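Source file: run23.json (JSON, C-alpha atoms)
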```
[["chain", "number", "residue", "atom", "x", "y", "z"],
["A", 832, "MET", "CA", 100.79, 152.30, 65.43],
["A", 833, "LYS", "CA", 99.52, 153.40, 68.82],
["A", 834, "ARG", "CA", 96.72, 155.40, 67.22],
["A", 835, "ALA", "CA", 95.71, 152.36, 65.14],
["A", 836, "GLU", "CA", 95.54, 150.29, 68.31],
["A", 837, "GLU", "CA", 93.37, 152.93, 70.00],
["A", 838, "ASN", "CA", 91.10, 153.09, 66.96],
["A", 839, "ARG", "CA", 90.69, 149.34, 67.04],
["A", 840, "LYS", "CA", 89.84, 149.42, 70.76],
["A", 841, "GLN", "CA", 87.28, 152.17, 70.17],
["A", 842, "GLN", "CA", 85.75, 150.24, 67.30],
["A", 843, "GLY", "CA", 85.59, 147.15, 69.51],
["A", 844, "SER", "CA", 83.81, 148.99, 72.30],
["A", 845, "GLN", "CA", 81.37, 150.47, 69.79],
["A", 846, "GLU", "CA", 80.63, 146.98, 68.48],
["A", 847, "ALA", "CA", 80.14, 145.73, 72.02],
["A", 848, "GLY", "CA", 77.82, 148.67, 72.61],
["A", 849, "LYS", "CA", 75.83, 147.71, 69.54],
["A", 850, "ASN", "CA", 75.44, 144.16, 70.87],
["A", 851, "VAL", "CA", 74.25, 145.48, 74.22],
["A", 852, "ALA", "CA", 71.77, 147.75, 72.45],
["A", 853, "ILE", "CA", 70.37, 144.77, 70.54],
["A", 854, "ARG", "CA", 70.16, 142.50, 73.58],
["A", 855, "GLU", "CA", 69.23, 144.88, 76.35],
["A", 856, "PRO", "CA", 65.56, 145.82, 76.50],
["A", 857, "ASN", "CA", 64.80, 149.47, 76.11],
["A", 858, "GLY", "CA", 62.31, 151.37, 78.28],
["A", 859, "ARG", "CA", 60.38, 152.97, 75.44],
["A", 860, "ARG", "CA", 60.17, 149.68, 73.59],
["A", 861, "ASN", "CA", 58.82, 147.96, 76.74],
["A", 862, "LEU", "CA", 56.20, 150.71, 77.09],
["A", 863, "ILE", "CA", 55.10, 150.33, 73.46],
["A", 864, "VAL", "CA", 54.87, 146.54, 73.90],
["A", 865, "TRP", "CA", 52.76, 147.03, 77.04],
["A", 866, "CYS", "CA", 50.40, 149.40, 75.14],
["A", 867, "VAL", "CA", 50.03, 146.91, 72.27],
["A", 868, "LEU", "CA", 49.31, 144.13, 74.79],
["A", 869, "MET", "CA", 46.64, 146.21, 76.53],
["A", 870, "LEU", "CA", 44.99, 147.04, 73.18],
["A", 871, "THR", "CA", 45.06, 143.37, 72.19],
["A", 872, "ILE", "CA", 43.44, 142.30, 75.47],
["A", 873, "VAL", "CA", 40.67, 144.90, 75.13],
["A", 874, "ALA", "CA", 40.14, 144.10, 71.43],
["A", 875, "MET", "CA", 39.82, 140.40, 72.23],
["A", 876, "SER", "CA", 37.19, 140.99, 74.91],
["A", 877, "LEU", "CA", 35.24, 143.49, 72.78],
["A", 878, "LEU", "CA", 35.19, 141.13, 69.80],
["A", 879, "THR", "CA", 33.86, 138.40, 72.11],
["A", 880, "GLU", "CA", 31.25, 140.73, 73.63],
["A", 881, "TRP", "CA", 30.08, 141.90, 70.18],
["A", 882, "ARG", "CA", 29.98, 138.27, 69.01],
["A", 883, "THR", "CA", 32.10, 139.08, 65.96],
["A", 884, "ALA", "CA", 35.17, 137.05, 66.90],
["A", 885, "SER", "CA", 36.27, 134.00, 64.97],
["A", 886, "VAL", "CA", 38.29, 131.17, 66.51],
["A", 887, "PHE", "CA", 41.19, 132.05, 64.22],
["A", 888, "THR", "CA", 41.13, 135.72, 65.31],
["A", 889, "ILE", "CA", 41.12, 134.82, 69.02],
["A", 890, "ALA", "CA", 43.93, 132.28, 68.56],
["A", 891, "THR", "CA", 45.99, 134.76, 66.52],
["A", 892, "LEU", "CA", 45.55, 137.56, 69.08],
["A", 893, "SER", "CA", 46.57, 135.13, 71.83],
["A", 894, "GLY", "CA", 49.64, 134.21, 69.78],
["A", 895, "LEU", "CA", 50.56, 137.87, 69.42],
["A", 896, "LYS", "CA", 50.34, 138.34, 73.21],
["A", 897, "PHE", "CA", 52.27, 135.12, 73.87],
["A", 898, "PHE", "CA", 55.16, 136.13, 71.62],
["A", 899, "LEU", "CA", 55.27, 139.77, 72.71],
["A", 900, "VAL", "CA", 55.55, 138.73, 76.37],
["A", 901, "SER", "CA", 58.13, 136.01, 75.71],
["A", 902, "LEU", "CA", 60.30, 137.85, 73.18],
["A", 903, "GLU", "CA", 60.23, 141.29, 74.79],
["A", 904, "PHE", "CA", 59.49, 141.03, 78.52],
["A", 905, "MET", "CA", 61.09, 137.62, 79.02],
["A", 906, "GLU", "CA", 63.99, 138.69, 76.75],
["A", 907, "VAL", "CA", 63.90, 135.58, 74.59],
["A", 908, "ARG", "CA", 64.71, 137.87, 71.64],
["A", 909, "GLY", "CA", 68.31, 138.09, 72.88],
["A", 910, "ALA", "CA", 68.58, 134.37, 73.67],
["A", 911, "HIS", "CA", 69.61, 131.52, 71.37],
["A", 912, "PRO", "CA", 66.98, 131.06, 68.56],
["A", 913, "MET", "CA", 66.33, 127.55, 69.90],
["A", 914, "TYR", "CA", 64.36, 129.03, 72.82],
["A", 915, "SER", "CA", 61.98, 131.04, 70.62],
["A", 916, "ALA", "CA", 61.62, 128.00, 68.35],
["A", 917, "TRP", "CA", 60.70, 125.84, 71.38],
["A", 918, "LEU", "CA", 58.07, 128.34, 72.53],
["A", 919, "ALA", "CA", 56.73, 128.59, 68.96],
["A", 920, "LEU", "CA", 56.44, 124.80, 68.84],
["A", 921, "LEU", "CA", 54.54, 124.69, 72.14],
["A", 922, "PHE", "CA", 52.19, 127.49, 71.15],
["A", 923, "GLY", "CA", 51.78, 126.00, 67.66],
["A", 924, "GLY", "CA", 50.63, 122.72, 69.24],
["A", 925, "LEU", "CA", 47.83, 124.48, 71.10],
["A", 926, "PHE", "CA", 47.00, 126.68, 68.09],
["A", 927, "VAL", "CA", 46.51, 123.63, 65.85],
["A", 928, "GLY", "CA", 44.56, 121.88, 68.64],
["A", 929, "VAL", "CA", 42.22, 124.88, 68.93],
["A", 930, "LEU", "CA", 41.65, 125.08, 65.18],
["A", 931, "ILE", "CA", 40.90, 121.34, 64.94],
["A", 932, "LEU", "CA", 38.74, 121.02, 68.03],
["A", 933, "MET", "CA", 36.71, 124.24, 67.85],
["B", 592, "MET", "CA", 98.87, 137.02, 58.87],
["B", 593, "GLU", "CA", 97.68, 139.28, 61.68],
["B", 594, "GLN", "CA", 94.34, 139.77, 59.94],
["B", 595, "GLU", "CA", 93.96, 136.00, 59.56],
["B", 596, "LYS", "CA", 94.63, 135.56, 63.28],
["B", 597, "ARG", "CA", 92.05, 138.23, 64.11],
["B", 598, "GLU", "CA", 89.50, 136.54, 61.84],
["B", 599, "GLN", "CA", 90.13, 133.23, 63.63],
["B", 600, "GLU", "CA", 89.72, 134.91, 67.03],
["B", 601, "LYS", "CA", 86.44, 136.42, 65.82],
["B", 602, "ILE", "CA", 85.15, 132.96, 64.79],
["B", 603, "ILE", "CA", 86.15, 131.49, 68.17],
["B", 604, "ASP", "CA", 84.45, 134.43, 69.98],
["B", 605, "LYS", "CA", 81.31, 133.98, 67.90],
["B", 606, "GLU", "CA", 81.21, 130.24, 68.63],
["B", 607, "GLY", "CA", 81.74, 130.91, 72.33],
["B", 608, "GLU", "CA", 78.97, 133.49, 72.30],
["B", 609, "THR", "CA", 76.60, 131.07, 70.53],
["B", 610, "MET", "CA", 77.37, 128.36, 73.11],
["B", 611, "ASP", "CA", 76.82, 130.90, 75.92],
["B", 612, "ARG", "CA", 73.48, 131.87, 74.45],
["B", 613, "LEU", "CA", 72.52, 128.20, 74.11],
["B", 614, "PHE", "CA", 73.42, 127.13, 77.66],
["B", 615, "TYR", "CA", 72.62, 130.39, 79.46],
["B", 616, "PRO", "CA", 69.11, 131.44, 78.44],
["B", 617, "PRO", "CA", 67.42, 134.35, 80.28],
["B", 618, "GLY", "CA", 67.06, 133.29, 83.94],
["B", 619, "GLY", "CA", 69.21, 130.15, 83.53],
["B", 620, "LEU", "CA", 68.72, 126.67, 82.14],
["B", 621, "LEU", "CA", 66.93, 125.28, 85.23],
["B", 622, "ILE", "CA", 64.05, 127.77, 85.12],
["B", 623, "TRP", "CA", 63.66, 126.96, 81.41],
["B", 624, "MET", "CA", 63.30, 123.27, 82.29],
["B", 625, "ILE", "CA", 60.61, 124.24, 84.80],
["B", 626, "LEU", "CA", 58.94, 126.52, 82.24],
["B", 627, "SER", "CA", 58.92, 123.72, 79.68],
["B", 628, "ILE", "CA", 57.41, 121.24, 82.15],
["B", 629, "GLU", "CA", 54.73, 123.77, 83.14],
["B", 630, "LEU", "CA", 53.78, 124.54, 79.53],
["B", 631, "LEU", "CA", 53.82, 120.82, 78.74],
["B", 632, "THR", "CA", 51.34, 120.35, 81.61],
["B", 633, "PHE", "CA", 49.00, 123.24, 80.86],
["B", 634, "ILE", "CA", 48.83, 122.85, 77.05],
["B", 635, "PRO", "CA", 47.65, 119.19, 77.15],
["B", 636, "ALA", "CA", 45.19, 120.14, 79.93],
["B", 637, "LEU", "CA", 43.77, 122.88, 77.68],
["B", 638, "ILE", "CA", 43.58, 120.46, 74.76],
["B", 639, "ALA", "CA", 41.74, 117.99, 77.04],
["B", 640, "PHE", "CA", 39.37, 120.86, 77.94],
["B", 641, "LEU", "CA", 38.68, 121.42, 74.21],
["B", 642, "VAL", "CA", 38.13, 117.67, 73.65],
["B", 643, "TYR", "CA", 35.52, 117.56, 76.47],
["B", 644, "ARG", "CA", 34.00, 120.77, 75.07],
["B", 645, "SER", "CA", 33.52, 119.12, 71.67],
["B", 646, "GLN", "CA", 31.51, 116.37, 73.41],
["B", 647, "GLU", "CA", 29.20, 118.77, 75.34],
["B", 648, "PRO", "CA", 29.29, 122.11, 73.49],
["B", 649, "GLU", "CA", 26.05, 123.45, 74.99],
["B", 650, "VAL", "CA", 27.01, 122.69, 78.60],
["B", 651, "PHE", "CA", 30.39, 124.36, 78.01],
["B", 652, "ALA", "CA", 28.79, 127.39, 76.29],
["B", 653, "GLN", "CA", 26.35, 127.93, 79.18],
["B", 654, "SER", "CA", 29.04, 127.43, 81.81],
["B", 655, "ALA", "CA", 31.53, 129.74, 80.05],
["B", 656, "ALA", "CA", 28.81, 132.39, 79.70],
["B", 657, "SER", "CA", 28.39, 132.30, 83.50],
["B", 658, "LEU", "CA", 32.02, 133.43, 83.91],
["B", 659, "ASN", "CA", 32.56, 137.16, 84.19],
["B", 660, "LEU", "CA", 34.37, 138.31, 81.05],
["B", 661, "ILE", "CA", 35.07, 141.77, 82.51],
["B", 662, "THR", "CA", 36.86, 140.49, 85.63],
["B", 663, "GLY", "CA", 38.74, 138.02, 83.42],
["B", 664, "THR", "CA", 39.83, 140.85, 81.12],
["B", 665, "ILE", "CA", 40.85, 143.09, 84.03],
["B", 666, "ASN", "CA", 42.83, 140.21, 85.51],
["B", 667, "THR", "CA", 44.65, 139.68, 82.21],
["B", 668, "MET", "CA", 45.52, 143.39, 82.09],
["B", 669, "VAL", "CA", 46.71, 143.33, 85.71],
["B", 670, "LEU", "CA", 48.92, 140.28, 85.15],
["B", 671, "ILE", "CA", 50.47, 141.67, 81.95],
["B", 672, "THR", "CA", 51.07, 145.02, 83.67],
["B", 673, "GLY", "CA", 52.86, 143.08, 86.43],
["B", 674, "GLY", "CA", 55.02, 141.52, 83.69],
["B", 675, "TRP", "CA", 55.87, 144.98, 82.37],
["B", 676, "PHE", "CA", 56.86, 146.15, 85.87],
["B", 677, "MET", "CA", 59.06, 143.06, 86.19],
["B", 678, "ALA", "CA", 60.78, 143.74, 82.84],
["B", 679, "GLU", "CA", 61.34, 147.36, 83.84],
["B", 680, "ALA", "CA", 62.67, 146.36, 87.28],
["B", 681, "LEU", "CA", 65.29, 144.14, 85.67],
["B", 682, "ARG", "CA", 66.24, 146.78, 83.12],
["B", 683, "ARG", "CA", 66.73, 149.38, 85.85],
["B", 684, "LEU", "CA", 68.70, 146.96, 88.02],
["B", 685, "ARG", "CA", 71.05, 146.36, 85.08],
["B", 686, "LEU", "CA", 71.46, 150.12, 84.74],
["B", 687, "GLY", "CA", 72.35, 150.27, 88.43],
["B", 688, "VAL", "CA", 69.23, 152.19, 89.50],
["B", 689, "ARG", "CA", 68.46, 149.98, 92.51],
["B", 690, "GLY", "CA", 65.83, 152.17, 94.18],
["B", 691, "LEU", "CA", 63.61, 152.38, 91.10],
["B", 692, "SER", "CA", 64.14, 148.70, 90.42],
["B", 693, "ALA", "CA", 62.92, 147.79, 93.92],
["B", 694, "ARG", "CA", 59.87, 150.05, 93.46],
["B", 695, "MET", "CA", 59.04, 148.33, 90.16],
["B", 696, "LEU", "CA", 59.30, 144.95, 91.88],
["B", 697, "TRP", "CA", 56.93, 146.07, 94.65],
["B", 698, "LEU", "CA", 54.50, 147.22, 91.93],
["B", 699, "ALA", "CA", 54.80, 143.85, 90.15],
["B", 700, "ALA", "CA", 54.06, 142.09, 93.46],
["B", 701, "ALA", "CA", 51.06, 144.41, 93.97],
["B", 702, "ALA", "CA", 49.79, 143.42, 90.51],
["B", 703, "GLY", "CA", 50.11, 139.76, 91.54],
["B", 704, "LEU", "CA", 48.18, 140.46, 94.73],
["B", 705, "ILE", "CA", 45.40, 142.29, 92.84],
["B", 706, "PHE", "CA", 45.12, 139.32, 90.46],
["B", 707, "LEU", "CA", 44.80, 136.94, 93.43],
["B", 708, "ILE", "CA", 42.12, 139.13, 95.08],
["B", 709, "ILE", "CA", 40.03, 139.45, 91.88],
["B", 710, "LYS", "CA", 40.33, 135.72, 91.20],
["B", 711, "GLY", "CA", 39.46, 134.98, 94.83],
["B", 712, "TYR", "CA", 36.32, 137.11, 94.41],
["B", 713, "GLU", "CA", 35.42, 135.16, 91.26],
["B", 714, "TYR", "CA", 36.02, 131.85, 93.07],
["B", 715, "SER", "CA", 33.83, 132.88, 96.03],
["B", 716, "ASN", "CA", 31.00, 133.82, 93.59],
["B", 717, "LYS", "CA", 31.28, 130.42, 91.94],
["B", 718, "ILE", "CA", 31.21, 128.62, 95.28],
["B", 719, "GLN", "CA", 28.15, 130.63, 96.39],
["B", 720, "ALA", "CA", 26.43, 129.75, 93.10],
["B", 721, "GLY", "CA", 27.14, 126.08, 93.81],
["B", 722, "GLN", "CA", 29.41, 125.78, 90.77],
["B", 723, "GLY", "CA", 32.07, 123.69, 92.44],
["B", 724, "LEU", "CA", 34.33, 120.92, 91.17],
["B", 725, "ASP", "CA", 31.45, 118.43, 90.91],
["B", 726, "TYR", "CA", 28.98, 120.79, 89.16],
["B", 727, "ASN", "CA", 29.81, 119.64, 85.61],
["B", 728, "GLN", "CA", 32.75, 118.74, 83.38],
["B", 729, "PHE", "CA", 33.40, 122.40, 82.52],
["B", 730, "PHE", "CA", 33.74, 123.47, 86.14],
["B", 731, "LEU", "CA", 35.83, 120.42, 87.06],
["B", 732, "LEU", "CA", 38.41, 121.52, 84.43],
["B", 733, "TYR", "CA", 37.90, 125.22, 85.21],
["B", 734, "TRP", "CA", 38.80, 124.71, 88.89],
["B", 735, "MET", "CA", 41.72, 122.40, 88.14],
["B", 736, "ILE", "CA", 43.33, 124.55, 85.45],
["B", 737, "THR", "CA", 42.71, 128.02, 86.90],
["B", 738, "GLY", "CA", 43.36, 126.76, 90.45],
["B", 739, "PHE", "CA", 46.76, 125.37, 89.43],
["B", 740, "HIS", "CA", 47.56, 128.69, 87.75],
["B", 741, "TYR", "CA", 46.38, 130.54, 90.88],
["B", 742, "LEU", "CA", 48.96, 128.60, 92.93],
["B", 743, "HIS", "CA", 51.67, 129.66, 90.47],
["B", 744, "VAL", "CA", 50.70, 133.32, 90.77],
["B", 745, "LEU", "CA", 50.71, 132.97, 94.56],
["B", 746, "VAL", "CA", 54.26, 131.55, 94.51],
["B", 747, "GLY", "CA", 55.32, 134.17, 91.92],
["B", 748, "THR", "CA", 53.99, 137.00, 94.09],
["B", 749, "LEU", "CA", 55.89, 135.70, 97.11],
["B", 750, "LEU", "CA", 59.07, 135.46, 95.02],
["B", 751, "LEU", "CA", 58.55, 139.03, 93.79],
["B", 752, "LEU", "CA", 58.21, 140.24, 97.39],
["B", 753, "ILE", "CA", 61.48, 138.47, 98.27],
["B", 754, "ALA", "CA", 63.19, 140.01, 95.22],
["B", 755, "ALA", "CA", 61.85, 143.50, 95.98],
["B", 756, "ARG", "CA", 63.14, 143.25, 99.56],
["B", 757, "GLY", "CA", 66.50, 141.90, 98.37],
["B", 758, "VAL", "CA", 66.98, 144.66, 95.79],
["B", 759, "GLY", "CA", 65.95, 147.31, 98.34],
["B", 760, "GLN", "CA", 68.45, 145.97, 100.88],
["B", 761, "GLY", "CA", 71.25, 145.75, 98.31],
["B", 762, "LYS", "CA", 71.38, 141.94, 98.27],
["B", 763, "TYR", "CA", 70.91, 142.09, 94.51],
["B", 764, "SER", "CA", 72.69, 144.62, 92.37],
["B", 765, "GLN", "CA", 73.93, 145.37, 88.86],
["B", 766, "SER", "CA", 76.64, 142.71, 89.20],
["B", 767, "HIS", "CA", 74.56, 140.14, 91.07],
["B", 768, "LEU", "CA", 71.10, 139.80, 89.56],
["B", 769, "GLU", "CA", 70.81, 136.17, 88.47],
["B", 770, "ASP", "CA", 68.14, 135.38, 91.09],
["B", 771, "VAL", "CA", 66.05, 138.38, 90.02],
["B", 772, "GLU", "CA", 66.32, 137.27, 86.38],
["B", 773, "THR", "CA", 65.14, 133.77, 87.33],
["B", 774, "ILE", "CA", 62.21, 135.16, 89.35],
["B", 775, "GLY", "CA", 61.41, 137.34, 86.32],
["B", 776, "VAL", "CA", 61.20, 134.30, 84.02],
["B", 777, "PHE", "CA", 58.97, 132.52, 86.56],
["B", 778, "TRP", "CA", 56.68, 135.56, 86.68],
["B", 779, "HIS", "CA", 56.51, 135.84, 82.87],
["B", 780, "MET", "CA", 55.74, 132.11, 82.77],
["B", 781, "CYS", "CA", 52.60, 132.88, 84.86],
["B", 782, "ASP", "CA", 51.70, 135.53, 82.24],
["B", 783, "LEU", "CA", 52.24, 133.10, 79.36],
["B", 784, "ILE", "CA", 50.10, 130.39, 80.97],
["B", 785, "TRP", "CA", 47.27, 132.87, 81.65],
["B", 786, "ILE", "CA", 47.50, 134.14, 78.03],
["B", 787, "LEU", "CA", 46.69, 130.55, 76.98],
["B", 788, "VAL", "CA", 44.14, 129.77, 79.73],
["B", 789, "PHE", "CA", 42.01, 132.92, 79.38],
["B", 790, "PRO", "CA", 40.88, 132.53, 75.74],
["B", 791, "VAL", "CA", 40.44, 128.76, 75.96],
["B", 792, "ILE", "CA", 38.30, 128.79, 79.12],
["B", 793, "TYR", "CA", 36.63, 132.22, 79.10],
["B", 794, "ILE", "CA", 36.23, 133.07, 75.41],
["B", 795, "LEU", "CA", 36.25, 130.15, 72.98],
["B", 796, "PRO", "CA", 33.51, 127.95, 74.55],
["B", 797, "ARG", "CA", 31.01, 130.88, 74.65],
["B", 798, "GLY", "CA", 28.33, 131.06, 72.02],
["B", 799, "GLY", "CA", 29.15, 133.67, 69.38],
["B", 800, "VAL", "CA", 32.74, 132.65, 68.64],
["B", 801, "GLN", "CA", 32.60, 130.89, 65.26]]
```
Before anything else, please render the file you have as structure tokens.
Amino acid sequence: MKRAEENRKQQGSQEAGKNVAIREPNGRRNLIVWCVLMLTIVAMSLLTEWRTASVFTIATLSGLKFFLVSLEFMEVRGAHPMYSAWLALLFGGLFVGVLILM
Amino acid sequence: MEQEKREQEKIIDKEGETMDRLFYPPGGLLIWMILSIELLTFIPALIAFLVYRSQEPEVFAQSAASLNLITGTINTMVLITGGWFMAEALRRLRLGVRGLSARMLWLAAAAGLIFLIIKGYEYSNKIQAGQGLDYNQFFLLYWMITGFHYLHVLVGTLLLLIAARGVGQGKYSQSHLEDVETIGVFWHMCDLIWILVFPVIYILPRGGVQ
């Protein structure tokens, strides 16, 4: 009986650990995100400089940066889905505006 | 019976957790209200910029081409790197590594300062070239939008300096880091706004983007 209780406690702490691992940002992951962001910024400027960029490409690359920063650095990934949906709505408004007006 | 009770407890825990996640977003609900107001200010301003651009595409193309794409790109990299330092500072503070966390915050503040210096250099060039607020519609919006963002970065840098000092002195720690989280969200908000401002003002109006 006692052993069963201990097993349950251990399982509980492992589950809690899993939750923390999902929510808590990880150093390597942050570094990878930073590298992707740097590459995206350089790619965007080079495409503009070479005059090969389309409005859609620029808007999509901006969207990628916007969501990487908010989901990873700002930790919206671990928050209630409503917050990422709200940010997606705001970005989507500008994205549609850019595609219509450009 | 016991299993049923456990299942019920699990459901209650899950509901509680969902409510916690809803009412306690990263940095707190108040900073999210501020973030929403800021984005709801900048996004319509950028849409207004695009509307004016559609009326005078040539003026906007010439004016955008006079902006330095390289300094703009460097500034974007600097600001995003500051965001990475901020994320790392918070992660290390949660792990209880206060010294490294404070160092990361100082680096994030340095990134903010570098952004302000580079942007200040760009502003002084524009003033010397006579491209002030009254030069044309492009520069009126350029000064208003980037200037407003500049003020945000200035405030964010000051907040980062306060946080770095606080973490270094032990005012903030593993168990008391709410203020640092809030400052982090404010700083990332500056990143998010610049991510939207940079392509709309520096890239899209230029000739060559189809």
field: Among listed residues B:Leu684, B:Glu647, B:Val746, B:Asn666, nearest B:Glu772 (using all atoms listed in the file)
entry: B:Leu684
message: So, with only C-alpha atoms as the atoms that count, which of B:Leu783, B:Leu795, B:Val776, B:Pro616 lies closest to A:Arg882?
response: B:Leu795
Write out as CSV the residues of chain A that have any atom within 9 Å of an atom of chain B, one row each with the nearest atom pair and its distance in Å to one decimal, counting all atoms listed in the file, sorted by chain and then rising number.
```
residue,atom,partner,partner_atom,distance
A:Glu855,CA,B:Arg682,CA,7.6
A:Pro856,CA,B:Arg682,CA,6.7
A:Asn857,CA,B:Arg682,CA,7.6
A:Gly858,CA,B:Glu679,CA,6.9
A:Asn861,CA,B:Trp675,CA,7.0
A:Leu862,CA,B:Trp675,CA,7.8
A:Val864,CA,B:Trp675,CA,8.7
A:Trp865,CA,B:Trp675,CA,6.5
A:Leu868,CA,B:Ile671,CA,7.7
A:Met869,CA,B:Met668,CA,6.3
A:Ile872,CA,B:Thr664,CA,6.9
A:Val873,CA,B:Thr664,CA,7.3
A:Met875,CA,B:Pro790,CA,8.7
A:Ser876,CA,B:Thr664,CA,6.7
A:Leu878,CA,B:Val800,CA,8.9
A:Thr879,CA,B:Ile794,CA,6.7
A:Glu880,CA,B:Leu660,CA,8.4
A:Trp881,CA,B:Gly799,CA,8.3
A:Arg882,CA,B:Gly799,CA,4.7
A:Thr883,CA,B:Val800,CA,7.0
A:Ala884,CA,B:Val800,CA,5.3
A:Ser885,CA,B:Gln801,CA,4.8
A:Val886,CA,B:Gln801,CA,5.8
A:Phe887,CA,B:Gln801,CA,8.7
A:Ile889,CA,B:Pro790,CA,7.1
A:Ala890,CA,B:Pro790,CA,7.8
A:Ser893,CA,B:Ile786,CA,6.3
A:Gly894,CA,B:Ile786,CA,8.5
A:Lys896,CA,B:Ile786,CA,7.0
A:Phe897,CA,B:Leu783,CA,5.8
A:Phe898,CA,B:Leu783,CA,8.8
A:Val900,CA,B:His779,CA,7.2
A:Ser901,CA,B:His779,CA,7.3
A:Glu903,CA,B:Ala678,CA,8.4
A:Phe904,CA,B:Ala678,CA,5.3
A:Met905,CA,B:Val776,CA,6.0
A:Glu906,CA,B:Pro617,CA,6.6
A:Val907,CA,B:Pro617,CA,6.8
A:Gly909,CA,B:Arg612,CA,8.2
A:Ala910,CA,B:Arg612,CA,5.6
A:His911,CA,B:Arg612,CA,5.0
A:Pro912,CA,B:Leu613,CA,8.3
A:Met913,CA,B:Leu613,CA,7.5
A:Tyr914,CA,B:Pro616,CA,7.7
A:Trp917,CA,B:Ser627,CA,8.7
A:Leu918,CA,B:Ser627,CA,8.6
A:Leu921,CA,B:Leu630,CA,7.4
A:Phe922,CA,B:Ile634,CA,8.2
A:Gly924,CA,B:Ile634,CA,8.0
A:Leu925,CA,B:Ile634,CA,6.2
A:Gly928,CA,B:Ile638,CA,6.4
A:Val929,CA,B:Leu641,CA,7.2
A:Leu932,CA,B:Leu641,CA,6.2
A:Met933,CA,B:Ser645,CA,7.1
```
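Using all atoms listed in the file, the shortest contact distance between B:Gln728 and any of B:Ile774, B:Ala656, B:Arg694, B:Phe651 is found at B:Phe651.
Counting from atom CA of B:Leu745, the distance to atom CA of B:Leu698 is 15.0 Å.
Between atom CA of B:Ile792 and atom CA of B:Leu670 the separation is 16.8 Å.
Going from atom CA of A:Thr891 over to atom CA of A:Ala919, you cover 12.6 Å.
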message: Given the point (41.7, 130.2, 91.5) in the coordinates of this file, which residues lie within 12 Å, counting only C-alpha atoms, and how would they look as a count of residues only?
response: 33
